[in-house]
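Listing of entry.cif, mmCIF, C-alpha atoms
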```cif
data_data
loop_
_atom_site.label_atom_id
_atom_site.label_comp_id
_atom_site.auth_asym_id
_atom_site.auth_seq_id
_atom_site.Cartn_x
_atom_site.Cartn_y
_atom_site.Cartn_z
CA MET M 61 -7.71 12.58 27.96
CA ASP M 62 -5.36 11.33 30.69
CA HIS M 63 -2.01 9.59 30.30
CA ASP M 64 -3.37 6.07 30.75
CA ALA M 65 -6.07 6.55 28.13
CA VAL M 66 -3.56 7.97 25.69
CA ARG M 67 -1.22 5.04 26.25
CA ASP M 68 -4.05 2.55 25.80
CA TRP M 69 -4.79 4.21 22.46
CA ILE M 70 -1.13 4.00 21.46
CA ASP M 71 -1.03 0.31 22.37
CA GLU M 72 -4.14 -0.27 20.28
CA ALA M 73 -2.53 1.53 17.35
CA PHE M 74 0.49 -0.75 17.60
CA PHE M 75 -1.68 -3.72 16.72
CA THR M 76 -4.14 -1.86 14.50
CA PRO M 77 -2.22 0.82 12.61
CA ALA M 78 -5.39 2.09 10.93
CA THR M 79 -6.26 3.55 14.33
CA ARG M 80 -3.72 6.26 13.61
CA ASP M 81 -5.61 7.30 10.48
CA ALA M 82 -8.83 7.86 12.34
CA GLU M 83 -10.31 11.35 12.45
CA ASP M 84 -12.53 10.69 15.43
CA ALA M 85 -12.62 12.52 18.74
CA ALA M 86 -10.29 10.04 20.45
CA ALA M 87 -7.63 10.41 17.78
CA ARG M 88 -7.82 14.19 17.98
CA ALA M 89 -7.59 14.10 21.75
CA VAL M 90 -4.54 11.84 21.59
CA ARG M 91 -2.81 14.13 19.11
CA ALA M 92 -3.53 17.14 21.30
CA HIS M 93 -2.18 15.32 24.35
CA LEU M 94 0.97 14.18 22.54
CA ALA M 95 1.66 17.72 21.43
CA THR M 96 2.15 18.77 25.03
CA CYS M 97 3.12 15.67 27.01
CA ARG M 98 6.75 14.76 26.69
CA ASP M 99 6.46 11.42 28.49
CA CYS M 100 3.59 10.15 26.39
CA GLY M 101 5.39 11.44 23.30
CA ALA M 102 8.39 9.30 24.22
CA TYR M 103 6.08 6.36 24.86
CA ASP M 104 4.51 6.83 21.42
CA ALA M 105 7.86 7.20 19.67
CA ALA M 106 9.18 4.05 21.33
CA THR M 107 6.07 2.13 20.34
CA ARG M 108 6.37 3.23 16.74
CA ARG M 109 10.07 2.48 16.73
CA ALA M 110 9.39 -1.07 17.91
CA ALA M 111 6.72 -1.54 15.24
CA LEU M 112 8.97 -0.22 12.51
CA LYS M 113 11.78 -2.56 13.48
CA LEU M 114 9.43 -5.54 13.53
CA ASP M 115 8.10 -4.62 10.09
CA LEU M 116 11.51 -3.95 8.59
CA ALA M 117 12.82 -7.25 9.88
CA ALA M 118 9.78 -9.23 8.80
CA GLY M 119 9.50 -7.94 5.24
CA PRO M 120 6.23 -7.97 3.32
CA SER M 121 3.48 -10.44 4.13
CA PRO M 122 3.54 -13.57 1.97
CA GLU M 123 0.02 -12.65 0.84
CA VAL M 124 1.41 -9.68 -1.08
CA ARG M 125 3.25 -12.03 -3.43
CA THR M 126 0.10 -14.04 -4.01
CA ARG M 127 -1.97 -10.90 -4.59
CA THR M 128 0.59 -9.41 -6.93
CA LEU M 129 0.85 -12.47 -9.13
CA ALA M 130 -2.94 -12.87 -9.17
CA ALA M 131 -3.33 -9.24 -10.23
CA ALA M 132 -0.71 -9.70 -12.95
CA ARG M 133 -2.65 -12.69 -14.22
CA ARG M 134 -5.86 -10.65 -14.32
CA ILE M 135 -4.15 -7.83 -16.17
CA ALA M 136 -2.69 -10.27 -18.67
CA ARG M 137 -6.12 -11.66 -19.38
CA ALA M 138 -7.58 -8.19 -19.74
CA ARG M 139 -4.72 -7.11 -21.96
CA THR M 140 -5.39 -10.00 -24.31
CA GLY M 141 -9.08 -9.26 -24.40
CA ALA M 142 -8.58 -5.52 -24.89
CA SER M 143 -6.28 -5.92 -27.86
CA VAL M 144 -9.18 -5.14 -30.19
CA PRO M 145 -10.91 -2.34 -28.31
CA ALA M 146 -13.44 -1.62 -31.01
CA ALA M 147 -14.97 -5.03 -30.54
CA ALA M 148 -14.31 -5.29 -26.84
CA PRO M 149 -17.53 -3.92 -25.34
CA ARG M 150 -19.55 -7.05 -26.00
CA ARG M 151 -17.20 -8.99 -23.75
CA PHE M 152 -18.41 -7.04 -20.77
CA GLY M 153 -22.11 -7.68 -21.13
CA ALA M 154 -25.12 -5.64 -21.98
CA GLY M 155 -24.74 -3.33 -19.00
CA LEU M 156 -21.61 -1.74 -20.33
CA THR M 157 -22.03 1.94 -21.00
CA TRP M 158 -20.44 3.89 -23.79
CA ARG M 159 -18.16 5.49 -21.24
CA LEU M 160 -16.62 2.19 -20.36
CA ALA M 161 -15.95 1.46 -24.00
CA ALA M 162 -14.50 4.93 -24.38
CA LEU M 163 -12.15 4.33 -21.50
CA VAL M 164 -10.90 1.09 -23.02
CA VAL M 165 -10.12 2.98 -26.19
CA LEU M 166 -8.57 5.78 -24.17
CA THR M 167 -6.29 3.30 -22.51
CA ALA M 168 -5.16 1.99 -25.83
CA VAL M 169 -4.25 5.55 -26.81
CA VAL M 170 -2.49 6.27 -23.54
CA GLY M 171 -0.68 2.96 -23.70
CA ALA M 172 0.53 3.60 -27.22
CA GLY M 173 1.83 7.01 -26.33
CA ALA M 174 3.27 6.15 -22.97
CA GLY M 175 6.57 4.84 -24.20
CA ALA M 176 8.24 8.10 -25.02
CA TRP M 177 6.89 9.78 -21.95
CA TRP M 178 7.94 6.90 -19.77
CA ALA M 179 11.49 7.11 -21.07
CA GLY M 180 11.70 10.58 -19.62
CA ARG M 181 10.00 10.03 -16.31
CA GLN M 182 9.95 6.26 -15.81
CA ASP M 183 6.79 6.43 -13.75
CA SER M 184 3.62 8.39 -14.20
CA ASP M 185 -0.10 8.53 -13.78
CA ALA M 186 -0.39 7.34 -17.36
CA ASP M 187 0.47 3.81 -16.37
CA HIS M 188 -1.82 4.16 -13.34
CA LEU M 189 -4.63 4.89 -15.78
CA SER M 190 -3.67 2.00 -17.98
CA ASP M 191 -3.51 -0.33 -14.98
CA ALA M 192 -6.83 0.98 -13.70
CA VAL M 193 -8.63 0.42 -16.97
CA ALA M 194 -7.13 -3.04 -17.28
CA MET M 195 -8.35 -3.84 -13.82
CA MET M 196 -11.79 -2.46 -14.58
CA ALA M 197 -12.00 -4.54 -17.73
CA THR M 198 -11.18 -7.68 -15.78
CA LEU M 199 -13.47 -6.79 -12.93
CA ALA M 200 -16.35 -6.18 -15.32
CA THR M 201 -16.15 -9.78 -16.49
CA ASN M 202 -16.55 -11.17 -12.98
CA ALA M 203 -19.94 -12.66 -12.30
CA GLY M 204 -20.36 -10.84 -8.99
CA ALA M 205 -19.36 -7.42 -10.27
CA HIS M 206 -21.72 -4.70 -11.30
CA GLU M 207 -21.42 -1.22 -12.65
CA VAL M 208 -23.07 2.01 -11.66
CA VAL M 209 -23.17 5.37 -13.37
CA LEU M 210 -21.97 8.29 -11.26
CA ARG M 211 -24.03 11.42 -11.72
CA ASP M 212 -23.56 15.04 -10.76
CA ALA M 213 -26.19 17.16 -9.01
CA ALA M 214 -27.79 17.96 -12.37
CA GLY M 215 -28.12 14.29 -13.20
CA ASN M 216 -25.40 14.19 -15.82
CA GLY M 217 -23.73 10.81 -16.00
CA ASN M 218 -20.08 11.81 -15.86
CA GLY M 219 -18.57 8.77 -14.24
CA ILE M 220 -18.69 5.05 -13.96
CA ALA M 221 -17.74 2.58 -11.30
CA VAL M 222 -17.35 -1.16 -11.51
CA LEU M 223 -17.31 -2.91 -8.19
CA SER M 224 -17.48 -6.27 -6.54
CA SER M 225 -18.63 -6.62 -2.96
CA ALA M 226 -17.32 -10.18 -3.01
CA THR M 227 -13.72 -9.35 -3.86
CA HIS M 228 -13.73 -5.79 -2.50
CA GLU M 229 -12.37 -4.53 -5.79
CA LEU M 230 -13.45 -1.21 -7.18
CA ALA M 231 -12.65 0.85 -10.25
CA VAL M 232 -13.97 4.40 -10.53
CA PHE M 233 -13.58 6.76 -13.46
CA ALA M 234 -14.90 10.29 -13.78
CA THR M 235 -14.79 13.01 -16.37
CA HIS M 236 -15.84 16.65 -16.60
CA LEU M 237 -14.87 17.46 -13.02
CA PRO M 238 -13.49 20.94 -12.33
CA PRO M 239 -9.71 20.75 -12.65
CA GLY M 240 -7.18 21.68 -10.00
CA ILE M 241 -8.94 19.79 -7.21
CA GLU M 242 -7.89 16.51 -5.71
CA TYR M 243 -10.90 14.22 -5.52
CA HIS M 244 -11.50 11.26 -3.25
CA CYS M 245 -13.82 8.28 -3.35
CA TYR M 246 -16.04 7.59 -0.38
CA LEU M 247 -18.65 5.08 0.59
CA GLU M 248 -21.53 6.99 2.16
CA ARG M 249 -24.08 5.50 4.53
CA GLY M 250 -26.53 7.50 6.59
CA GLY M 251 -24.67 10.70 5.85
CA GLN M 252 -21.38 9.25 7.10
CA ARG M 253 -18.55 8.89 4.62
CA THR M 254 -15.83 6.28 4.71
CA TRP M 255 -12.75 7.16 2.73
CA ILE M 256 -11.82 4.66 0.02
CA GLY M 257 -8.97 6.37 -1.76
CA SER M 258 -7.59 9.49 -3.38
CA MET M 259 -8.16 9.67 -7.10
CA TYR M 260 -5.45 10.05 -9.67
CA ALA M 261 -5.90 12.46 -12.56
CA GLU M 262 -4.71 12.05 -16.10
CA ARG M 263 -5.85 13.51 -19.39
CA GLY M 264 -9.10 14.77 -17.99
CA VAL M 265 -9.96 11.49 -16.32
CA GLN M 266 -10.10 11.20 -12.55
CA PHE M 267 -9.77 7.61 -11.48
CA TRP M 268 -9.14 5.15 -8.68
CA ALA M 269 -8.89 1.37 -8.90
CA GLY M 270 -7.83 -1.25 -6.46
CA ASP M 271 -8.71 -3.42 -3.54
CA MET M 272 -10.74 -1.54 -0.98
CA ASP M 273 -9.89 -1.81 2.67
CA THR M 274 -11.46 -5.03 3.91
CA THR M 275 -13.21 -3.13 6.70
CA ILE M 276 -15.34 -1.34 4.10
CA GLU M 277 -18.55 -3.21 3.66
CA MET M 278 -20.82 -2.22 0.80
CA ARG M 279 -24.55 -2.63 1.24
CA PRO M 280 -27.49 -1.94 -1.04
CA GLY M 281 -28.57 1.65 -0.51
CA ASP M 282 -25.07 2.89 0.22
CA ALA M 283 -23.78 5.61 -2.05
CA LEU M 284 -20.49 5.77 -3.82
CA VAL M 285 -19.38 9.38 -3.73
CA VAL M 286 -16.67 11.38 -5.45
CA ALA M 287 -15.91 14.56 -3.54
CA ALA M 288 -13.11 16.99 -2.80
CA ASP M 289 -13.10 16.04 0.85
CA GLU M 290 -15.12 14.29 3.48
CA ALA M 291 -17.43 17.24 4.10
CA ALA M 292 -17.62 18.63 0.57
CA PRO M 293 -20.74 18.24 -1.57
CA ALA M 294 -20.67 15.20 -3.80
CA ALA M 295 -19.24 16.05 -7.20
CA LEU M 296 -20.60 12.73 -8.40
CA SER M 297 -22.51 9.96 -6.71
CA ALA M 298 -24.34 6.72 -7.35
CA THR M 299 -26.56 4.61 -5.17
CA LEU M 300 -25.47 0.98 -4.97
CA MET P 237 20.42 -10.29 -4.57
CA GLY P 238 23.19 -11.73 -6.65
CA VAL P 239 22.98 -14.02 -9.60
CA THR P 240 24.75 -17.34 -9.36
CA LYS P 241 25.86 -19.56 -12.18
CA GLY P 242 22.92 -21.11 -13.96
CA GLU P 243 20.45 -18.50 -12.70
CA ARG P 244 18.89 -16.09 -15.08
CA SER P 245 19.98 -12.50 -14.65
CA ASP P 246 17.46 -9.81 -13.78
CA GLU P 247 17.68 -8.53 -17.34
CA GLU P 248 16.94 -11.96 -18.76
CA LEU P 249 13.94 -12.21 -16.48
CA VAL P 250 12.67 -8.83 -17.64
CA ALA P 251 13.01 -10.01 -21.24
CA GLU P 252 10.85 -13.00 -20.34
CA LEU P 253 8.34 -10.71 -18.66
CA VAL P 254 7.89 -8.95 -21.96
CA GLU P 255 6.77 -12.32 -23.34
CA GLY P 256 4.26 -12.59 -20.49
CA ASP P 257 6.16 -15.11 -18.37
CA GLU P 258 4.53 -14.93 -14.96
CA ALA P 259 7.20 -17.14 -13.41
CA ALA P 260 9.77 -14.48 -14.26
CA LEU P 261 7.71 -11.95 -12.34
CA GLY P 262 7.65 -14.29 -9.36
CA GLU P 263 11.40 -14.73 -9.50
CA LEU P 264 12.02 -10.99 -9.65
CA TYR P 265 9.64 -10.58 -6.75
CA ASP P 266 11.55 -13.10 -4.68
CA ARG P 267 14.83 -11.36 -5.43
CA HIS P 268 13.91 -7.78 -4.69
CA ALA P 269 10.61 -7.52 -2.83
CA ASP P 270 12.17 -7.28 0.62
CA SER P 271 14.40 -4.43 -0.40
CA LEU P 272 11.64 -2.52 -2.19
CA PHE P 273 9.29 -3.06 0.73
CA ARG P 274 11.81 -1.51 3.12
CA THR P 275 12.29 1.42 0.78
CA ALA P 276 8.55 2.08 0.80
CA LEU P 277 8.12 1.40 4.51
CA LEU P 278 10.80 3.88 5.50
CA ARG P 279 9.15 6.55 3.42
CA LEU P 280 5.57 5.81 4.41
CA GLY P 281 5.90 4.49 7.95
CA ASP P 282 2.89 2.27 7.35
CA ARG P 283 3.20 -1.42 6.66
CA GLY P 284 -0.08 -1.66 4.74
CA LEU P 285 0.73 1.25 2.47
CA ALA P 286 4.23 -0.08 1.89
CA GLU P 287 2.76 -3.39 0.80
CA GLU P 288 0.42 -1.58 -1.59
CA VAL P 289 3.37 0.28 -3.07
CA LEU P 290 5.25 -2.98 -3.43
CA GLN P 291 2.37 -4.50 -5.36
CA ASP P 292 1.99 -1.38 -7.50
CA THR P 293 5.69 -1.50 -8.31
CA TYR P 294 5.60 -5.05 -9.57
CA LEU P 295 2.44 -4.45 -11.55
CA ALA P 296 4.10 -1.45 -13.18
CA LEU P 297 6.99 -3.74 -14.09
CA TRP P 298 4.55 -6.30 -15.44
CA ASN P 299 2.78 -3.69 -17.56
CA ARG P 300 5.86 -1.86 -18.77
CA ALA P 301 8.65 -4.40 -18.86
CA GLU P 302 9.35 -3.63 -22.51
CA LEU P 303 10.40 -0.11 -21.55
CA PHE P 304 13.30 -1.24 -19.41
CA ASP P 305 16.52 0.09 -20.90
CA ARG P 306 19.60 -1.67 -19.58
CA SER P 307 21.81 1.16 -20.78
CA GLN P 308 20.09 3.39 -18.19
CA GLY P 309 20.86 1.21 -15.20
CA SER P 310 19.98 -1.97 -13.41
CA VAL P 311 16.60 -3.59 -12.95
CA ILE P 312 16.70 -3.01 -9.19
CA GLY P 313 17.53 0.63 -9.82
CA TRP P 314 14.53 0.93 -12.11
CA LEU P 315 12.27 -0.80 -9.65
CA SER P 316 13.54 1.38 -6.83
CA THR P 317 12.71 4.50 -8.79
CA ILE P 318 9.19 3.24 -9.38
CA ALA P 319 8.76 2.29 -5.72
CA ARG P 320 9.99 5.67 -4.51
CA ASN P 321 7.70 7.52 -6.92
CA ARG P 322 4.73 5.42 -5.89
CA ALA P 323 5.50 6.03 -2.23
CA ILE P 324 5.66 9.76 -2.86
CA ASP P 325 2.34 9.54 -4.73
CA ARG P 326 0.82 7.87 -1.69
CA LEU P 327 2.12 10.54 0.63
CA ARG P 328 0.77 13.29 -1.57
CA SER P 329 -2.60 11.68 -2.00
CA SER P 330 -2.98 10.67 1.64
CA ALA P 331 -2.90 14.05 3.23
CA ARG P 332 -5.19 12.71 5.92
CA ARG P 333 -2.64 10.22 7.05
CA PRO P 334 -0.05 11.07 9.66
CA ALA P 335 3.45 11.90 8.58
CA PRO P 336 5.74 8.96 8.01
CA VAL P 337 7.44 7.53 11.04
CA ALA P 338 10.30 9.71 12.14
CA LEU P 339 13.42 8.01 11.00
CA SER P 340 14.91 8.74 14.33
CA ALA P 341 13.10 5.48 14.93
CA LEU P 342 16.26 3.76 13.86
CA ALA P 343 18.60 6.00 15.75
CA GLY P 344 17.58 5.62 19.36
CA THR P 345 15.61 7.65 21.81
CA ASN P 346 17.79 10.73 21.73
CA PRO P 347 18.46 10.97 18.06
CA ASP P 348 20.85 13.31 16.51
CA PRO P 349 19.20 14.37 13.24
CA ALA P 350 22.32 13.62 11.26
CA ALA P 351 22.51 10.15 12.74
CA ALA P 352 18.87 9.59 11.86
CA ASP P 353 19.57 10.63 8.29
CA ASP P 354 22.53 8.29 8.17
CA ALA P 355 20.38 5.45 9.41
CA ARG P 356 17.75 6.24 6.83
CA ASP P 357 20.26 6.44 4.00
CA ALA P 358 21.88 3.22 5.05
CA ILE P 359 18.62 1.37 4.87
CA LEU P 360 17.51 3.08 1.69
CA ALA P 361 20.81 2.16 0.11
CA ALA P 362 19.44 -1.32 -0.29
CA ALA P 363 17.25 -0.08 -3.08
CA THR P 364 19.57 2.48 -4.56
CA PRO P 365 20.34 1.87 -8.19
CA ILE P 366 23.51 -0.14 -8.43
CA ALA P 367 25.93 0.61 -11.21
CA GLY P 368 26.16 -2.10 -13.80
CA VAL P 369 23.66 -4.45 -15.23
CA THR P 370 23.41 -7.12 -12.59
CA ALA P 371 21.81 -6.42 -9.27
CA ALA P 372 24.73 -7.31 -7.10
CA PRO P 373 24.25 -7.55 -3.35
CA ASP P 374 25.35 -4.66 -1.19
CA PRO P 375 27.35 -6.34 1.57
CA GLU P 376 27.10 -3.38 3.94
CA ARG P 377 23.34 -3.23 3.58
CA GLU P 378 22.99 -6.98 3.94
CA VAL P 379 24.86 -6.74 7.22
CA GLU P 380 22.58 -3.98 8.49
CA VAL P 381 19.44 -5.89 7.66
CA ALA P 382 20.92 -9.01 9.23
CA GLU P 383 21.75 -7.01 12.36
CA LEU P 384 18.23 -5.64 12.52
CA ARG P 385 16.79 -9.14 12.23
CA ARG P 386 19.12 -10.36 14.93
CA GLU P 387 18.04 -7.51 17.19
CA VAL P 388 14.38 -8.37 16.63
CA ASP P 389 15.00 -12.09 17.16
CA GLN P 390 16.79 -11.36 20.43
CA ALA P 391 14.02 -9.06 21.59
CA LEU P 392 11.40 -11.70 20.85
CA ALA P 393 13.49 -14.39 22.50
CA HIS P 394 13.47 -12.42 25.75
CA ILE P 395 9.69 -12.40 25.89
CA PRO P 396 8.12 -15.33 27.80
CA ASP P 397 6.58 -17.95 25.52
CA GLN P 398 2.96 -17.21 26.28
CA GLU P 399 3.39 -13.48 25.84
CA ARG P 400 5.29 -14.02 22.59
CA GLN P 401 2.48 -16.24 21.39
CA VAL P 402 -0.18 -13.56 21.83
CA LEU P 403 2.11 -10.92 20.38
CA LYS P 404 2.62 -12.90 17.19
CA LEU P 405 -1.06 -13.65 16.79
CA ALA P 406 -2.01 -10.04 17.38
CA TYR P 407 0.73 -8.39 15.37
CA TYR P 408 1.51 -10.70 12.49
CA GLU P 409 -1.84 -12.44 12.10
CA GLN P 410 -3.85 -9.36 13.08
CA LEU P 411 -6.17 -11.33 15.32
CA SER P 412 -8.27 -9.41 17.81
CA GLN P 413 -7.88 -10.15 21.49
CA SER P 414 -11.23 -11.96 21.46
CA GLU P 415 -10.07 -14.11 18.55
CA ILE P 416 -6.83 -14.91 20.35
CA ALA P 417 -8.75 -15.83 23.47
CA ALA P 418 -10.92 -18.18 21.42
CA ARG P 419 -8.01 -19.74 19.60
CA LEU P 420 -5.88 -20.33 22.67
CA ALA P 421 -8.79 -21.02 25.01
CA TRP P 422 -7.54 -18.40 27.43
CA PRO P 423 -9.71 -15.93 29.33
CA LEU P 424 -9.89 -12.59 27.55
CA GLY P 425 -8.41 -10.84 30.55
CA THR P 426 -5.38 -13.11 30.40
CA VAL P 427 -4.90 -12.32 26.74
CA LYS P 428 -5.09 -8.61 27.46
CA THR P 429 -2.58 -8.81 30.28
CA ARG P 430 -0.10 -10.87 28.28
CA THR P 431 -0.46 -8.66 25.24
CA ARG P 432 0.20 -5.57 27.31
CA ARG P 433 3.24 -7.10 28.96
CA ALA P 434 4.66 -8.32 25.66
CA LEU P 435 4.29 -4.92 24.09
CA ALA P 436 5.86 -3.26 27.12
CA ARG P 437 8.90 -5.52 26.78
CA LEU P 438 9.21 -4.79 23.07
CA ARG P 439 8.91 -1.09 23.74
CA GLU P 440 11.84 -1.31 26.13
CA THR P 441 14.06 -3.44 23.91
CA LEU P 442 13.29 -2.48 20.32
CA GLY P 443 11.81 0.89 21.17
CA GLU P 444 14.51 1.72 23.73
CA HIS P 445 11.90 3.19 26.02
CA ARG P 446 12.91 4.03 29.57
CA PRO P 447 9.82 4.83 31.64
CA SER P 448 10.28 8.05 33.52
#
```

Starting from the file, lay out its structure as structure tokens.
Amino acid sequence: MDHDAVRDWIDEAFFTPATRDAEDAAARAVRAHLATCRDCGAYDAATRRAALKLDLAAGPSPEVRTRTLAAARRIARARTGASVPAAAPRRFGAGLTWRLAALVVLTAVVGAGAGAWWAGRQDSDADHLSDAVAMMATLATNAGAHEVVLRDAAGNGNGIAVLSSATHELAVFATHLPPGIEYHCYLERGGQRTWIGSMYAERGVQFWAGDMDTTIEMRPGDALVVAADEAAPAALSATL
Amino acid sequence: MGVTKGERSDEELVAELVEGDEAALGELYDRHADSLFRTALLRLGDRGLAEEVLQDTYLALWNRAELFDRSQGSVIGWLSTIARNRAIDRLRSSARRPAPVALSALAGTNPDPAAADDARDAILAAATPIAGVTAAPDPEREVEVAELRREVDQALAHIPDQERQVLKLAYYEQLSQSEIAARLAWPLGTVKTRTRRALARLRETLGEHRPS
């Protein structure tokens, strides 16, 4: 890749930062070029410096405030509904599996025990799990959301995902995965995987919940995959 | 941000959060979001990720407000701890992503590592726990942020109007060049040229780039 092509790529990344996350041939070629070309390295550093200053001066987008308060509202509603977990499953409709109910109960347990732990660490995956289950509970009540069971190669249903293609929200929970491995969620289409997020782990549950990147478009026939990395065999998967 | 007479303190707002008062969450957001965002941005070097961390931080506050202990420090200190931990989580879990922006970004083109660290610490100080219960403003930090904003304003002011227009649409509104061309009724080639020129000017002013 020549200097001009590299600088075009850097300019593109200024306006579309996700370009820097790409693992395609162009991104690899740019990284290789930057490793050896001092001038283009300076060009890249100056571009990033300009972007950082713009971002620091601008502060967060106003949409973040709106999203945050909307999410808080959803959690509050879910929290109210989940206050009696034993009776909660009916709220989520007939499609709710026993695993979903179990996770609601699990959250109640984690939530009850989190106080003492929190006092020591102030922040932990425990509250991630609690947040994730709360989000899942809310998401499951949305008309456009649906759930799928994630299965391993032997067909065991060891995970569940609730997702909405309309709002781009997704909550994924998995159990019985070999420990000591960081798992990721992917959307798979035609053998190509698109990374959604890295899963958290807590008390034997691997989970991820949140708003997916808006560039990720889910279509019927796509697969939701949990795997150790982009090329690894699916630990769990479900066809949407 | 300071608390003036008649305003509720951060601690009072947290107490109201425990009761589920969403307005209190909004007020705490307005007071501290900028500072927490900068904390996350400097660690992550990615605006989108920093915004995610900001949202995570406030949702953690919303979910765990009852655990705030004023004897342990201020609300902004607590929030800063959460934001830093969440940012570290993101870095650990995003091994695919590039390393955060070198903080020499704030120290010029020929950074001395110590100067870069100083710059980083100065900015991060905005979110450092402040002794005492009330989140008092840090005058030194306020000045630095104000200076940064002035620098950016000056850099933008030196860009011709039409170039600045495309820059803002592309950068802040994330419009593609085709979308900008449609919105402004300019030929696509014109949009591309003006975008390139605007970025080149910013690179020279804010980025301190001197073409070799």

Which centre and which edge lengths, in Å to one decimal, describe the axis-aligned box that holds all listed atoms of segment 107-114 of chain M after 6 Å is added on each side, as lines of an AutoDock Vina configuration file?
```
center_x = 8.9
center_y = -1.2
center_z = 16.4
size_x = 17.7
size_y = 20.8
size_z = 19.8
```

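Take atom CA of Gln390 of chain P and atom CA of Leu438 of chain P: the distance between them is 10.4 Å.
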
**Resolved residues for the PyMOL selection byres ((chain P and resi 406) around 12) as an MDAnalysis selection string** = (chainID M and resid 71:77) or (chainID P and resid 399:405 407:417 419 427:428 430:432 434:435)

**Request:** Select all residues from chain M having any atom no more than 8 Å from an atom of chain P (counting only C-alpha atoms, ignoring ligands), output as JSON, numbers by chain.
**Result:** {"M": [71, 74, 75, 76, 77, 80, 81, 99, 102, 103, 105, 106, 107, 108, 109, 110, 112, 113, 114, 115, 116, 117, 118, 119, 120, 121, 124, 125, 127, 128, 129, 131, 132, 133, 136, 175, 178, 179, 182, 183, 187, 191, 258, 259]}

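Computed from the coordinates, the atom CA of Met272 of chain M to atom CA of Asn216 of chain M distance equals 26.1 Å.
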
**Request:** Run through the PyMOL selection byres ((chain M and resi 208-214) around 6) on the given coordinates and return the selected residues as a PyMOL selection string.
**Result:** chain M and resi 207+215-221+295-298

Residue subset to file, keeping C-alpha atoms, as a PDB file, in the frame of the given file:
```
ATOM      1  CA  GLU M 207     -21.420  -1.220 -12.650  1.00  0.00           C
ATOM      2  CA  GLY M 215     -28.120  14.290 -13.200  1.00  0.00           C
ATOM      3  CA  ASN M 216     -25.400  14.190 -15.820  1.00  0.00           C
ATOM      4  CA  GLY M 217     -23.730  10.810 -16.000  1.00  0.00           C
ATOM      5  CA  ASN M 218     -20.080  11.810 -15.860  1.00  0.00           C
ATOM      6  CA  GLY M 219     -18.570   8.770 -14.240  1.00  0.00           C
ATOM      7  CA  ILE M 220     -18.690   5.050 -13.960  1.00  0.00           C
ATOM      8  CA  ALA M 221     -17.740   2.580 -11.300  1.00  0.00           C
ATOM      9  CA  ALA M 295     -19.240  16.050  -7.200  1.00  0.00           C
ATOM     10  CA  LEU M 296     -20.600  12.730  -8.400  1.00  0.00           C
ATOM     11  CA  SER M 297     -22.510   9.960  -6.710  1.00  0.00           C
ATOM     12  CA  ALA M 298     -24.340   6.720  -7.350  1.00  0.00           C
TER      13      ALA M 298
END
```

**Message:** Residues within 12 Å of Asp271 of chain M, please, as a list of chain:residue names. Count only C-alpha atoms; anything in the same chain fewer than 3 positions from it doesn't count.
**Reply:** M:Arg127, M:Thr128, M:Ala131, M:Ala192, M:Met195, M:Met196, M:Leu199, M:Val222, M:Leu223, M:Ser224, M:Ser225, M:Ala226, M:Thr227, M:His228, M:Glu229, M:Leu230, M:Ala231, M:Val232, M:Ile256, M:Gly257, M:Trp268, M:Thr274, M:Thr275, M:Ile276, P:Glu288, P:Gln291, P:Asp292

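Evaluating the PyMOL selection byres ((chain M and resi 92-98) around 12) against the shown model yields M:Met61, M:Asp62, M:His63, M:Asp64, M:Ala65, M:Val66, M:Arg67, M:Trp69, M:Ile70, M:Ala85, M:Ala86, M:Ala87, M:Arg88, M:Ala89, M:Val90, M:Arg91, M:Asp99, M:Cys100, M:Gly101, M:Ala102, M:Tyr103, M:Asp104, M:Ala105, P:Pro447, P:Ser448.
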